[in-house]
Amino acid sequence: MANQTEYARNVTHAIDLIDRVVRFVAFWIGGFFLLALTVITVIDVTLRSAFNSPIFGGQDIAQLFMIMVVCCSVAYSGRSGGQVAVELFDSFGSKRSMRWIGITIKLISVAMLGVLSWHLVISGFDAHEFGEATLTLEISFGPFFIILAVGIALYLLVLVAEIYLLIQGRSIKYEGE
């Protein structure tokens, strides 16, 4: 019994660690880029409207900051239950069957996110090799594909942790519940 309690405590600690990492990435790093995106947009619009002289490359910078905001927030959105879910089977099955349907859906999602993350890394190297870049400032898209792959991989880890909880028979607690 003591080993099971210790095991449950370790699992809870691992989930808490993932939650802290995901929250830090979303709130601090994603928040920084969201603030920077807001500032660059306000300055660009103000200069465009008042002086008819927008920031050179302002649209490029805004586009790249938006990519950063998205990659930082995907895992948090999934972990906090913020993504859209269609629960078609809830009224048809037992609690046990619903748990296994949830596990199956999350396993499919893990496979898809793994493939997506892998292809984003490949696309990042290809973008660098072929010179794919923003229009005005010619900033390479390569590093941003790889950063997006890391954000997707972080969400993949969230799903793996949730699968682990479901297999143990525990429920997934989302933020705010």
# chains A, B, ... in the order shown; residues from 1 in each chain; ligands from 1

call {"tool": "select_by_dssp", "arguments": {"residues": "segment 2-170 of chain A", "states": "helix (DSSP H, G or I)", "output": "MDAnalysis selection string"}}
result
chainID A and resid 2:51 58:79 95:130 142:167

call {"tool": "residues_around", "arguments": {"residues": "Gln63 of chain A", "least_positions_apart": "4", "cutoff": "9 Å", "atoms": "only C-alpha atoms", "output": "PDB file with N, CA, C and O atoms, in the first residue's frame"}}
result
ATOM      1  N   LEU A  37       3.443  41.978 -29.444  1.00  0.00           N
ATOM      2  CA  LEU A  37       2.590  42.055 -30.629  1.00  0.00           C
ATOM      3  C   LEU A  37       1.640  43.242 -30.530  1.00  0.00           C
ATOM      4  O   LEU A  37       1.462  43.996 -31.498  1.00  0.00           O
ATOM      5  N   GLY A  58       6.885  46.037 -40.057  1.00  0.00           N
ATOM      6  CA  GLY A  58       5.984  45.850 -38.919  1.00  0.00           C
ATOM      7  C   GLY A  58       5.071  44.652 -39.081  1.00  0.00           C
ATOM      8  O   GLY A  58       4.812  43.918 -38.126  1.00  0.00           O
ATOM      9  N   GLN A  59       4.591  44.432 -40.295  1.00  0.00           N
ATOM     10  CA  GLN A  59       3.727  43.273 -40.550  1.00  0.00           C
ATOM     11  C   GLN A  59       4.501  41.960 -40.392  1.00  0.00           C
ATOM     12  O   GLN A  59       3.967  40.978 -39.886  1.00  0.00           O
ATOM     13  N   ILE A  67       3.011  33.897 -34.360  1.00  0.00           N
ATOM     14  CA  ILE A  67       3.438  32.490 -34.353  1.00  0.00           C
ATOM     15  C   ILE A  67       3.926  32.108 -32.960  1.00  0.00           C
ATOM     16  O   ILE A  67       3.587  31.040 -32.442  1.00  0.00           O
ATOM     17  N   MET A  68       4.680  32.986 -32.339  1.00  0.00           N
ATOM     18  CA  MET A  68       5.189  32.703 -30.992  1.00  0.00           C
ATOM     19  C   MET A  68       4.057  32.609 -29.971  1.00  0.00           C
ATOM     20  O   MET A  68       4.071  31.740 -29.092  1.00  0.00           O
ATOM     21  N   THR A 134      10.234  36.066 -44.444  1.00  0.00           N
ATOM     22  CA  THR A 134       9.205  37.100 -44.484  1.00  0.00           C
ATOM     23  C   THR A 134       9.458  38.015 -45.681  1.00  0.00           C
ATOM     24  O   THR A 134      10.577  38.093 -46.189  1.00  0.00           O
TER      25      THR A 134
END

call {"tool": "atom_distance", "arguments": {"atom1": "atom CA of Tyr164 of chain A", "atom2": "atom CA of Phe92 of chain A"}}
result
23.8 Å

call {"tool": "residues_around", "arguments": {"residues": "segment 137-144 of chain A", "least_positions_apart": "4", "cutoff": "12 Å", "atoms": "only C-alpha atoms", "output": "PDB file with N, CA, C and O atoms, in the first residue's frame"}}
result
ATOM      1  N   ILE A  55       5.899  51.318 -39.547  1.00  0.00           N
ATOM      2  CA  ILE A  55       7.179  50.680 -39.222  1.00  0.00           C
ATOM      3  C   ILE A  55       7.587  49.791 -40.385  1.00  0.00           C
ATOM      4  O   ILE A  55       6.795  48.970 -40.858  1.00  0.00           O
ATOM      5  N   PHE A  56       8.820  49.953 -40.842  1.00  0.00           N
ATOM      6  CA  PHE A  56       9.324  49.101 -41.916  1.00  0.00           C
ATOM      7  C   PHE A  56       9.407  47.668 -41.393  1.00  0.00           C
ATOM      8  O   PHE A  56      10.108  47.391 -40.421  1.00  0.00           O
ATOM      9  N   GLY A  57       8.658  46.768 -41.997  1.00  0.00           N
ATOM     10  CA  GLY A  57       8.653  45.369 -41.575  1.00  0.00           C
ATOM     11  C   GLY A  57       7.740  45.086 -40.396  1.00  0.00           C
ATOM     12  O   GLY A  57       7.805  44.004 -39.806  1.00  0.00           O
ATOM     13  N   GLY A  58       6.885  46.037 -40.057  1.00  0.00           N
ATOM     14  CA  GLY A  58       5.984  45.850 -38.919  1.00  0.00           C
ATOM     15  C   GLY A  58       5.071  44.652 -39.081  1.00  0.00           C
ATOM     16  O   GLY A  58       4.812  43.918 -38.126  1.00  0.00           O
ATOM     17  N   GLN A  59       4.591  44.432 -40.295  1.00  0.00           N
ATOM     18  CA  GLN A  59       3.727  43.273 -40.550  1.00  0.00           C
ATOM     19  C   GLN A  59       4.501  41.960 -40.392  1.00  0.00           C
ATOM     20  O   GLN A  59       3.967  40.978 -39.886  1.00  0.00           O
ATOM     21  N   ASP A  60       5.756  41.949 -40.820  1.00  0.00           N
ATOM     22  CA  ASP A  60       6.592  40.756 -40.651  1.00  0.00           C
ATOM     23  C   ASP A  60       6.800  40.432 -39.179  1.00  0.00           C
ATOM     24  O   ASP A  60       6.670  39.279 -38.758  1.00  0.00           O
ATOM     25  N   ILE A  61       7.113  41.454 -38.410  1.00  0.00           N
ATOM     26  CA  ILE A  61       7.346  41.259 -36.977  1.00  0.00           C
ATOM     27  C   ILE A  61       6.062  40.793 -36.297  1.00  0.00           C
ATOM     28  O   ILE A  61       6.082  39.855 -35.485  1.00  0.00           O
ATOM     29  N   ALA A  62       4.944  41.390 -36.659  1.00  0.00           N
ATOM     30  CA  ALA A  62       3.659  40.992 -36.067  1.00  0.00           C
ATOM     31  C   ALA A  62       3.331  39.545 -36.409  1.00  0.00           C
ATOM     32  O   ALA A  62       2.849  38.788 -35.550  1.00  0.00           O
ATOM     33  N   GLN A  63       3.619  39.144 -37.631  1.00  0.00           N
ATOM     34  CA  GLN A  63       3.356  37.761 -38.055  1.00  0.00           C
ATOM     35  C   GLN A  63       4.199  36.778 -37.228  1.00  0.00           C
ATOM     36  O   GLN A  63       3.690  35.767 -36.750  1.00  0.00           O
ATOM     37  N   LEU A  64       5.448  37.086 -37.029  1.00  0.00           N
ATOM     38  CA  LEU A  64       6.325  36.188 -36.272  1.00  0.00           C
ATOM     39  C   LEU A  64       5.963  36.176 -34.792  1.00  0.00           C
ATOM     40  O   LEU A  64       6.012  35.117 -34.138  1.00  0.00           O
ATOM     41  N   PHE A  65       5.581  37.321 -34.245  1.00  0.00           N
ATOM     42  CA  PHE A  65       5.138  37.359 -32.845  1.00  0.00           C
ATOM     43  C   PHE A  65       3.857  36.549 -32.660  1.00  0.00           C
ATOM     44  O   PHE A  65       3.674  35.887 -31.641  1.00  0.00           O
ATOM     45  N   MET A  66       2.963  36.598 -33.653  1.00  0.00           N
ATOM     46  CA  MET A  66       1.730  35.810 -33.571  1.00  0.00           C
ATOM     47  C   MET A  66       2.046  34.314 -33.569  1.00  0.00           C
ATOM     48  O   MET A  66       1.418  33.544 -32.831  1.00  0.00           O
ATOM     49  N   ILE A  67       3.011  33.897 -34.360  1.00  0.00           N
ATOM     50  CA  ILE A  67       3.438  32.490 -34.353  1.00  0.00           C
ATOM     51  C   ILE A  67       3.926  32.108 -32.960  1.00  0.00           C
ATOM     52  O   ILE A  67       3.587  31.040 -32.442  1.00  0.00           O
ATOM     53  N   MET A  68       4.680  32.986 -32.339  1.00  0.00           N
ATOM     54  CA  MET A  68       5.189  32.703 -30.992  1.00  0.00           C
ATOM     55  C   MET A  68       4.057  32.609 -29.971  1.00  0.00           C
ATOM     56  O   MET A  68       4.071  31.740 -29.092  1.00  0.00           O
ATOM     57  N   VAL A  69       3.076  33.487 -30.068  1.00  0.00           N
ATOM     58  CA  VAL A  69       1.937  33.454 -29.146  1.00  0.00           C
ATOM     59  C   VAL A  69       1.199  32.129 -29.289  1.00  0.00           C
ATOM     60  O   VAL A  69       0.869  31.474 -28.292  1.00  0.00           O
ATOM     61  N   VAL A  70       0.968  31.711 -30.521  1.00  0.00           N
ATOM     62  CA  VAL A  70       0.243  30.454 -30.749  1.00  0.00           C
ATOM     63  C   VAL A  70       1.031  29.265 -30.223  1.00  0.00           C
ATOM     64  O   VAL A  70       0.488  28.406 -29.521  1.00  0.00           O
ATOM     65  N   CYS A  71       2.316  29.208 -30.520  1.00  0.00           N
ATOM     66  CA  CYS A  71       3.091  28.034 -30.090  1.00  0.00           C
ATOM     67  C   CYS A  71       3.212  27.967 -28.572  1.00  0.00           C
ATOM     68  O   CYS A  71       3.276  26.887 -28.008  1.00  0.00           O
ATOM     69  N   CYS A  72       3.187  29.110 -27.908  1.00  0.00           N
ATOM     70  CA  CYS A  72       3.264  29.115 -26.445  1.00  0.00           C
ATOM     71  C   CYS A  72       1.937  28.778 -25.784  1.00  0.00           C
ATOM     72  O   CYS A  72       1.910  28.365 -24.625  1.00  0.00           O
ATOM     73  N   LEU A 120       6.989  19.675 -38.903  1.00  0.00           N
ATOM     74  CA  LEU A 120       7.360  21.069 -38.684  1.00  0.00           C
ATOM     75  C   LEU A 120       8.874  21.228 -38.579  1.00  0.00           C
ATOM     76  O   LEU A 120       9.434  22.208 -39.086  1.00  0.00           O
ATOM     77  N   VAL A 121       9.540  20.280 -37.937  1.00  0.00           N
ATOM     78  CA  VAL A 121      11.006  20.323 -37.864  1.00  0.00           C
ATOM     79  C   VAL A 121      11.598  20.196 -39.268  1.00  0.00           C
ATOM     80  O   VAL A 121      12.488  20.968 -39.654  1.00  0.00           O
ATOM     81  N   ILE A 122      11.090  19.241 -40.032  1.00  0.00           N
ATOM     82  CA  ILE A 122      11.568  19.067 -41.408  1.00  0.00           C
ATOM     83  C   ILE A 122      11.314  20.334 -42.218  1.00  0.00           C
ATOM     84  O   ILE A 122      12.195  20.806 -42.956  1.00  0.00           O
ATOM     85  N   SER A 123      10.116  20.906 -42.072  1.00  0.00           N
ATOM     86  CA  SER A 123       9.787  22.142 -42.793  1.00  0.00           C
ATOM     87  C   SER A 123      10.687  23.296 -42.365  1.00  0.00           C
ATOM     88  O   SER A 123      11.022  24.156 -43.185  1.00  0.00           O
ATOM     89  N   GLY A 124      11.068  23.312 -41.089  1.00  0.00           N
ATOM     90  CA  GLY A 124      11.977  24.348 -40.614  1.00  0.00           C
ATOM     91  C   GLY A 124      13.333  24.272 -41.294  1.00  0.00           C
ATOM     92  O   GLY A 124      13.884  25.292 -41.725  1.00  0.00           O
ATOM     93  N   PHE A 125      13.860  23.051 -41.402  1.00  0.00           N
ATOM     94  CA  PHE A 125      15.147  22.892 -42.095  1.00  0.00           C
ATOM     95  C   PHE A 125      15.008  23.205 -43.583  1.00  0.00           C
ATOM     96  O   PHE A 125      15.890  23.836 -44.176  1.00  0.00           O
ATOM     97  N   ASP A 126      13.899  22.772 -44.173  1.00  0.00           N
ATOM     98  CA  ASP A 126      13.667  23.071 -45.589  1.00  0.00           C
ATOM     99  C   ASP A 126      13.519  24.576 -45.822  1.00  0.00           C
ATOM    100  O   ASP A 126      14.036  25.115 -46.799  1.00  0.00           O
ATOM    101  N   ALA A 127      12.788  25.253 -44.936  1.00  0.00           N
ATOM    102  CA  ALA A 127      12.597  26.700 -45.070  1.00  0.00           C
ATOM    103  C   ALA A 127      13.940  27.417 -45.001  1.00  0.00           C
ATOM    104  O   ALA A 127      14.183  28.365 -45.761  1.00  0.00           O
ATOM    105  N   HIS A 128      14.800  26.966 -44.113  1.00  0.00           N
ATOM    106  CA  HIS A 128      16.127  27.576 -44.016  1.00  0.00           C
ATOM    107  C   HIS A 128      16.943  27.294 -45.282  1.00  0.00           C
ATOM    108  O   HIS A 128      17.580  28.196 -45.831  1.00  0.00           O
ATOM    109  N   GLU A 129      16.888  26.050 -45.735  1.00  0.00           N
ATOM    110  CA  GLU A 129      17.665  25.656 -46.906  1.00  0.00           C
ATOM    111  C   GLU A 129      17.208  26.375 -48.177  1.00  0.00           C
ATOM    112  O   GLU A 129      18.025  26.789 -48.999  1.00  0.00           O
ATOM    113  N   PHE A 130      15.887  26.533 -48.326  1.00  0.00           N
ATOM    114  CA  PHE A 130      15.345  27.127 -49.546  1.00  0.00           C
ATOM    115  C   PHE A 130      15.118  28.627 -49.427  1.00  0.00           C
ATOM    116  O   PHE A 130      14.619  29.259 -50.355  1.00  0.00           O
ATOM    117  N   GLY A 131      15.459  29.210 -48.307  1.00  0.00           N
ATOM    118  CA  GLY A 131      15.383  30.654 -48.151  1.00  0.00           C
ATOM    119  C   GLY A 131      13.986  31.211 -47.961  1.00  0.00           C
ATOM    120  O   GLY A 131      13.746  32.368 -48.306  1.00  0.00           O
ATOM    121  N   GLU A 132      13.064  30.402 -47.426  1.00  0.00           N
ATOM    122  CA  GLU A 132      11.723  30.913 -47.158  1.00  0.00           C
ATOM    123  C   GLU A 132      11.807  31.915 -46.016  1.00  0.00           C
ATOM    124  O   GLU A 132      12.314  31.609 -44.946  1.00  0.00           O
ATOM    125  N   ALA A 133      11.303  33.109 -46.279  1.00  0.00           N
ATOM    126  CA  ALA A 133      11.461  34.192 -45.308  1.00  0.00           C
ATOM    127  C   ALA A 133      10.288  35.162 -45.414  1.00  0.00           C
ATOM    128  O   ALA A 133       9.491  35.097 -46.351  1.00  0.00           O
ATOM    129  N   LEU A 148       7.618  26.260 -33.307  1.00  0.00           N
ATOM    130  CA  LEU A 148       6.239  25.773 -33.333  1.00  0.00           C
ATOM    131  C   LEU A 148       6.195  24.267 -33.093  1.00  0.00           C
ATOM    132  O   LEU A 148       5.300  23.767 -32.396  1.00  0.00           O
ATOM    133  N   ALA A 149       7.166  23.538 -33.620  1.00  0.00           N
ATOM    134  CA  ALA A 149       7.246  22.095 -33.375  1.00  0.00           C
ATOM    135  C   ALA A 149       7.434  21.808 -31.887  1.00  0.00           C
ATOM    136  O   ALA A 149       6.853  20.859 -31.345  1.00  0.00           O
ATOM    137  N   VAL A 150       8.226  22.634 -31.200  1.00  0.00           N
ATOM    138  CA  VAL A 150       8.426  22.464 -29.761  1.00  0.00           C
ATOM    139  C   VAL A 150       7.122  22.724 -29.005  1.00  0.00           C
ATOM    140  O   VAL A 150       6.771  21.991 -28.075  1.00  0.00           O
ATOM    141  N   GLY A 151       6.378  23.755 -29.418  1.00  0.00           N
ATOM    142  CA  GLY A 151       5.090  24.031 -28.788  1.00  0.00           C
ATOM    143  C   GLY A 151       4.111  22.889 -28.972  1.00  0.00           C
ATOM    144  O   GLY A 151       3.392  22.509 -28.040  1.00  0.00           O
TER     145      GLY A 151
END

call {"tool": "closest_residue", "arguments": {"among": "A:Pro54, A:Leu156, A:Gly102, A:Ala85", "to": "Thr41 of chain A", "atoms": "only C-alpha atoms"}}
result
A:Pro54

call {"tool": "closest_residue", "arguments": {"among": "A:Leu88, A:Ile15, A:Val25, A:Ser49", "to": "Leu159 of chain A", "atoms": "only C-alpha atoms"}}
result
A:Ile15

call {"tool": "atom_distance", "arguments": {"atom1": "atom CA of Trp118 of chain A", "atom2": "atom CA of Leu154 of chain A"}}
result
12.7 Å

call {"tool": "closest_residue", "arguments": {"among": "A:Ala161, A:Ala14, A:Leu116, A:Leu35", "to": "Phe145 of chain A", "atoms": "only C-alpha atoms"}}
result
A:Leu116

call {"tool": "atom_distance", "arguments": {"atom1": "atom CA of Lys95 of chain A", "atom2": "atom CA of Ile163 of chain A"}}
result
15.4 Å

call {"tool": "residues_around", "arguments": {"residues": "Gly169 of chain A", "least_positions_apart": "2", "cutoff": "12 Å", "atoms": "only C-alpha atoms", "output": "list in words"}}
result
Ala8, Lys95, Arg96, Ser97, Met98, Arg99, Trp100, Gly102, Ile103, Glu162, Ile163, Tyr164, Leu165, Leu166, Ile167, Ser171 and Ile172 of chain A

call {"tool": "residues_around", "arguments": {"residues": "Leu157 of chain A", "least_positions_apart": "3", "cutoff": "12 Å", "atoms": "only C-alpha atoms", "output": "short mmCIF file (atom, residue, chain, number, x, y, z; two decimals) with all heavy atoms, in the first residue's frame"}}
result
data_model
loop_
_atom_site.label_atom_id
_atom_site.label_comp_id
_atom_site.auth_asym_id
_atom_site.auth_seq_id
_atom_site.Cartn_x
_atom_site.Cartn_y
_atom_site.Cartn_z
N ALA A 14 4.59 14.62 -11.24
CA ALA A 14 4.92 14.75 -12.65
C ALA A 14 3.88 15.59 -13.38
O ALA A 14 4.22 16.46 -14.19
CB ALA A 14 5.04 13.37 -13.30
N ILE A 15 2.60 15.35 -13.08
CA ILE A 15 1.54 16.13 -13.70
C ILE A 15 1.64 17.60 -13.28
O ILE A 15 1.48 18.51 -14.09
CB ILE A 15 0.15 15.56 -13.34
CG1 ILE A 15 0.00 14.14 -13.85
CG2 ILE A 15 -0.97 16.46 -13.87
CD1 ILE A 15 0.14 13.96 -15.33
N LEU A 17 4.33 19.16 -12.41
CA LEU A 17 5.49 19.73 -13.10
C LEU A 17 5.13 20.12 -14.53
O LEU A 17 5.47 21.22 -14.98
CB LEU A 17 6.66 18.74 -13.10
CG LEU A 17 7.91 19.19 -13.83
CD1 LEU A 17 8.51 20.41 -13.15
CD2 LEU A 17 8.93 18.06 -13.88
N ILE A 18 4.43 19.24 -15.23
CA ILE A 18 3.99 19.56 -16.60
C ILE A 18 3.09 20.79 -16.57
O ILE A 18 3.23 21.69 -17.41
CB ILE A 18 3.28 18.35 -17.24
CG1 ILE A 18 4.30 17.26 -17.55
CG2 ILE A 18 2.53 18.76 -18.51
CD1 ILE A 18 3.70 15.96 -18.03
N ASP A 19 2.17 20.84 -15.61
CA ASP A 19 1.28 22.01 -15.49
C ASP A 19 2.07 23.30 -15.27
O ASP A 19 1.77 24.33 -15.87
CB ASP A 19 0.29 21.83 -14.34
CG ASP A 19 -0.84 20.89 -14.69
OD1 ASP A 19 -1.04 20.60 -15.89
OD2 ASP A 19 -1.55 20.45 -13.76
N VAL A 21 5.23 23.93 -16.10
CA VAL A 21 5.97 24.28 -17.32
C VAL A 21 5.04 24.89 -18.36
O VAL A 21 5.34 25.94 -18.95
CB VAL A 21 6.70 23.04 -17.89
CG1 VAL A 21 7.24 23.31 -19.28
CG2 VAL A 21 7.81 22.59 -16.96
N VAL A 22 3.90 24.24 -18.57
CA VAL A 22 2.95 24.72 -19.57
C VAL A 22 2.43 26.10 -19.19
O VAL A 22 2.33 27.00 -20.03
CB VAL A 22 1.79 23.70 -19.70
CG1 VAL A 22 0.60 24.28 -20.43
CG2 VAL A 22 2.28 22.45 -20.41
N VAL A 74 -0.70 26.71 -27.14
CA VAL A 74 -1.39 25.48 -27.55
C VAL A 74 -1.46 24.48 -26.40
O VAL A 74 -2.52 23.94 -26.08
CB VAL A 74 -0.71 24.85 -28.78
CG1 VAL A 74 -1.22 23.46 -29.06
CG2 VAL A 74 -0.92 25.73 -29.99
N ALA A 75 -0.35 24.21 -25.75
CA ALA A 75 -0.32 23.21 -24.68
C ALA A 75 -1.16 23.66 -23.48
O ALA A 75 -1.88 22.87 -22.88
CB ALA A 75 1.12 22.93 -24.24
N TYR A 76 -1.09 24.94 -23.15
CA TYR A 76 -1.88 25.43 -22.02
C TYR A 76 -3.37 25.34 -22.33
O TYR A 76 -4.17 24.98 -21.46
CB TYR A 76 -1.50 26.87 -21.66
CG TYR A 76 -2.34 27.40 -20.53
CD1 TYR A 76 -2.08 26.98 -19.22
CD2 TYR A 76 -3.39 28.26 -20.75
CE1 TYR A 76 -2.87 27.45 -18.17
CE2 TYR A 76 -4.17 28.72 -19.71
CZ TYR A 76 -3.90 28.31 -18.43
OH TYR A 76 -4.68 28.75 -17.39
N GLY A 78 -4.86 23.21 -24.23
CA GLY A 78 -5.25 21.81 -24.09
C GLY A 78 -5.30 21.36 -22.65
O GLY A 78 -6.22 20.65 -22.23
N ARG A 79 -4.35 21.76 -21.86
CA ARG A 79 -4.28 21.32 -20.46
C ARG A 79 -5.35 21.97 -19.59
O ARG A 79 -5.83 21.38 -18.64
CB ARG A 79 -2.89 21.62 -19.87
CG ARG A 79 -2.70 21.12 -18.48
CD ARG A 79 -2.77 19.60 -18.43
NE ARG A 79 -2.72 19.15 -17.06
CZ ARG A 79 -3.67 18.44 -16.46
NH1 ARG A 79 -4.73 18.07 -17.12
NH2 ARG A 79 -3.54 18.09 -15.21
N LYS A 106 -7.17 10.38 -27.36
CA LYS A 106 -5.90 11.03 -27.00
C LYS A 106 -4.71 10.32 -27.64
O LYS A 106 -3.75 10.97 -28.05
CB LYS A 106 -5.76 11.11 -25.49
CG LYS A 106 -6.70 12.15 -24.87
CD LYS A 106 -6.52 12.27 -23.39
CE LYS A 106 -7.55 13.17 -22.78
NZ LYS A 106 -7.53 14.54 -23.25
N LEU A 107 -4.78 9.00 -27.77
CA LEU A 107 -3.70 8.27 -28.45
C LEU A 107 -3.62 8.66 -29.93
O LEU A 107 -2.52 8.85 -30.47
CB LEU A 107 -3.89 6.76 -28.32
CG LEU A 107 -3.52 6.16 -26.97
CD1 LEU A 107 -3.97 4.70 -26.90
CD2 LEU A 107 -2.03 6.27 -26.71
N SER A 109 -4.60 11.48 -31.11
CA SER A 109 -4.09 12.86 -31.10
C SER A 109 -2.59 12.89 -30.90
O SER A 109 -1.88 13.69 -31.53
CB SER A 109 -4.78 13.67 -30.00
OG SER A 109 -6.16 13.73 -30.23
N VAL A 110 -2.07 12.04 -30.03
CA VAL A 110 -0.62 11.97 -29.80
C VAL A 110 0.09 11.59 -31.09
O VAL A 110 1.11 12.19 -31.46
CB VAL A 110 -0.29 10.98 -28.66
CG1 VAL A 110 1.18 10.59 -28.68
CG2 VAL A 110 -0.66 11.57 -27.32
N ALA A 111 -0.45 10.59 -31.80
CA ALA A 111 0.17 10.17 -33.06
C ALA A 111 0.15 11.31 -34.07
O ALA A 111 1.17 11.60 -34.73
CB ALA A 111 -0.56 8.94 -33.62
N LEU A 113 -0.10 14.58 -33.48
CA LEU A 113 0.78 15.68 -33.05
C LEU A 113 2.25 15.31 -33.21
O LEU A 113 3.07 16.18 -33.51
CB LEU A 113 0.48 16.06 -31.61
CG LEU A 113 -0.87 16.76 -31.39
CD1 LEU A 113 -1.12 16.97 -29.90
CD2 LEU A 113 -0.92 18.07 -32.13
N GLY A 114 2.58 14.03 -33.02
CA GLY A 114 3.95 13.59 -33.25
C GLY A 114 4.35 13.76 -34.70
O GLY A 114 5.44 14.27 -35.01
N SER A 117 4.58 17.57 -35.42
CA SER A 117 5.79 18.14 -34.86
C SER A 117 7.02 17.75 -35.70
O SER A 117 7.87 18.58 -36.00
CB SER A 117 5.96 17.68 -33.41
OG SER A 117 7.04 18.32 -32.81
N VAL A 150 8.23 22.63 -31.20
CA VAL A 150 8.43 22.46 -29.76
C VAL A 150 7.12 22.72 -29.01
O VAL A 150 6.77 21.99 -28.08
CB VAL A 150 9.56 23.39 -29.26
CG1 VAL A 150 9.64 23.40 -27.74
CG2 VAL A 150 10.90 22.96 -29.86
N GLY A 151 6.38 23.75 -29.42
CA GLY A 151 5.09 24.03 -28.79
C GLY A 151 4.11 22.89 -28.97
O GLY A 151 3.39 22.51 -28.04
N ILE A 152 4.07 22.30 -30.16
CA ILE A 152 3.20 21.16 -30.44
C ILE A 152 3.67 19.94 -29.63
O ILE A 152 2.86 19.19 -29.09
CB ILE A 152 3.18 20.84 -31.95
CG1 ILE A 152 2.60 21.99 -32.74
CG2 ILE A 152 2.44 19.54 -32.23
CD1 ILE A 152 1.15 22.29 -32.49
N ALA A 153 4.98 19.75 -29.54
CA ALA A 153 5.52 18.63 -28.75
C ALA A 153 5.19 18.78 -27.27
O ALA A 153 4.95 17.78 -26.57
CB ALA A 153 7.03 18.51 -28.96
N LEU A 154 5.15 20.00 -26.78
CA LEU A 154 4.76 20.22 -25.39
C LEU A 154 3.30 19.80 -25.18
O LEU A 154 2.97 19.18 -24.17
CB LEU A 154 4.96 21.69 -25.02
CG LEU A 154 4.74 22.07 -23.56
CD1 LEU A 154 5.65 21.26 -22.64
CD2 LEU A 154 4.97 23.56 -23.36
N VAL A 160 0.07 12.85 -23.30
CA VAL A 160 0.63 11.62 -22.74
C VAL A 160 0.38 11.55 -21.24
O VAL A 160 -0.01 10.51 -20.70
CB VAL A 160 2.14 11.50 -23.07
CG1 VAL A 160 2.80 10.40 -22.27
CG2 VAL A 160 2.34 11.28 -24.56
N ALA A 161 0.56 12.66 -20.55
CA ALA A 161 0.30 12.69 -19.11
C ALA A 161 -1.18 12.43 -18.82
O ALA A 161 -1.52 11.71 -17.88
CB ALA A 161 0.73 14.04 -18.53
N GLU A 162 -2.06 13.01 -19.63
CA GLU A 162 -3.49 12.79 -19.43
C GLU A 162 -3.88 11.34 -19.73
O GLU A 162 -4.73 10.76 -19.03
CB GLU A 162 -4.30 13.76 -20.29
CG GLU A 162 -4.21 15.19 -19.79
CD GLU A 162 -4.98 16.18 -20.65
OE1 GLU A 162 -5.49 15.79 -21.73
OE2 GLU A 162 -5.06 17.35 -20.23
N ILE A 163 -3.27 10.75 -20.74
CA ILE A 163 -3.52 9.33 -21.03
C ILE A 163 -3.11 8.48 -19.84
O ILE A 163 -3.82 7.56 -19.42
CB ILE A 163 -2.76 8.88 -22.31
CG1 ILE A 163 -3.39 9.51 -23.54
CG2 ILE A 163 -2.74 7.36 -22.44
CD1 ILE A 163 -2.56 9.36 -24.80
N TYR A 164 -1.97 8.80 -19.28
CA TYR A 164 -1.47 8.07 -18.11
C TYR A 164 -2.46 8.16 -16.95
O TYR A 164 -2.74 7.16 -16.29
CB TYR A 164 -0.10 8.63 -17.73
CG TYR A 164 0.63 7.80 -16.71
CD1 TYR A 164 1.10 6.54 -17.03
CD2 TYR A 164 0.83 8.28 -15.43
CE1 TYR A 164 1.76 5.77 -16.10
CE2 TYR A 164 1.48 7.53 -14.49
CZ TYR A 164 1.95 6.27 -14.83
OH TYR A 164 2.60 5.51 -13.90
#
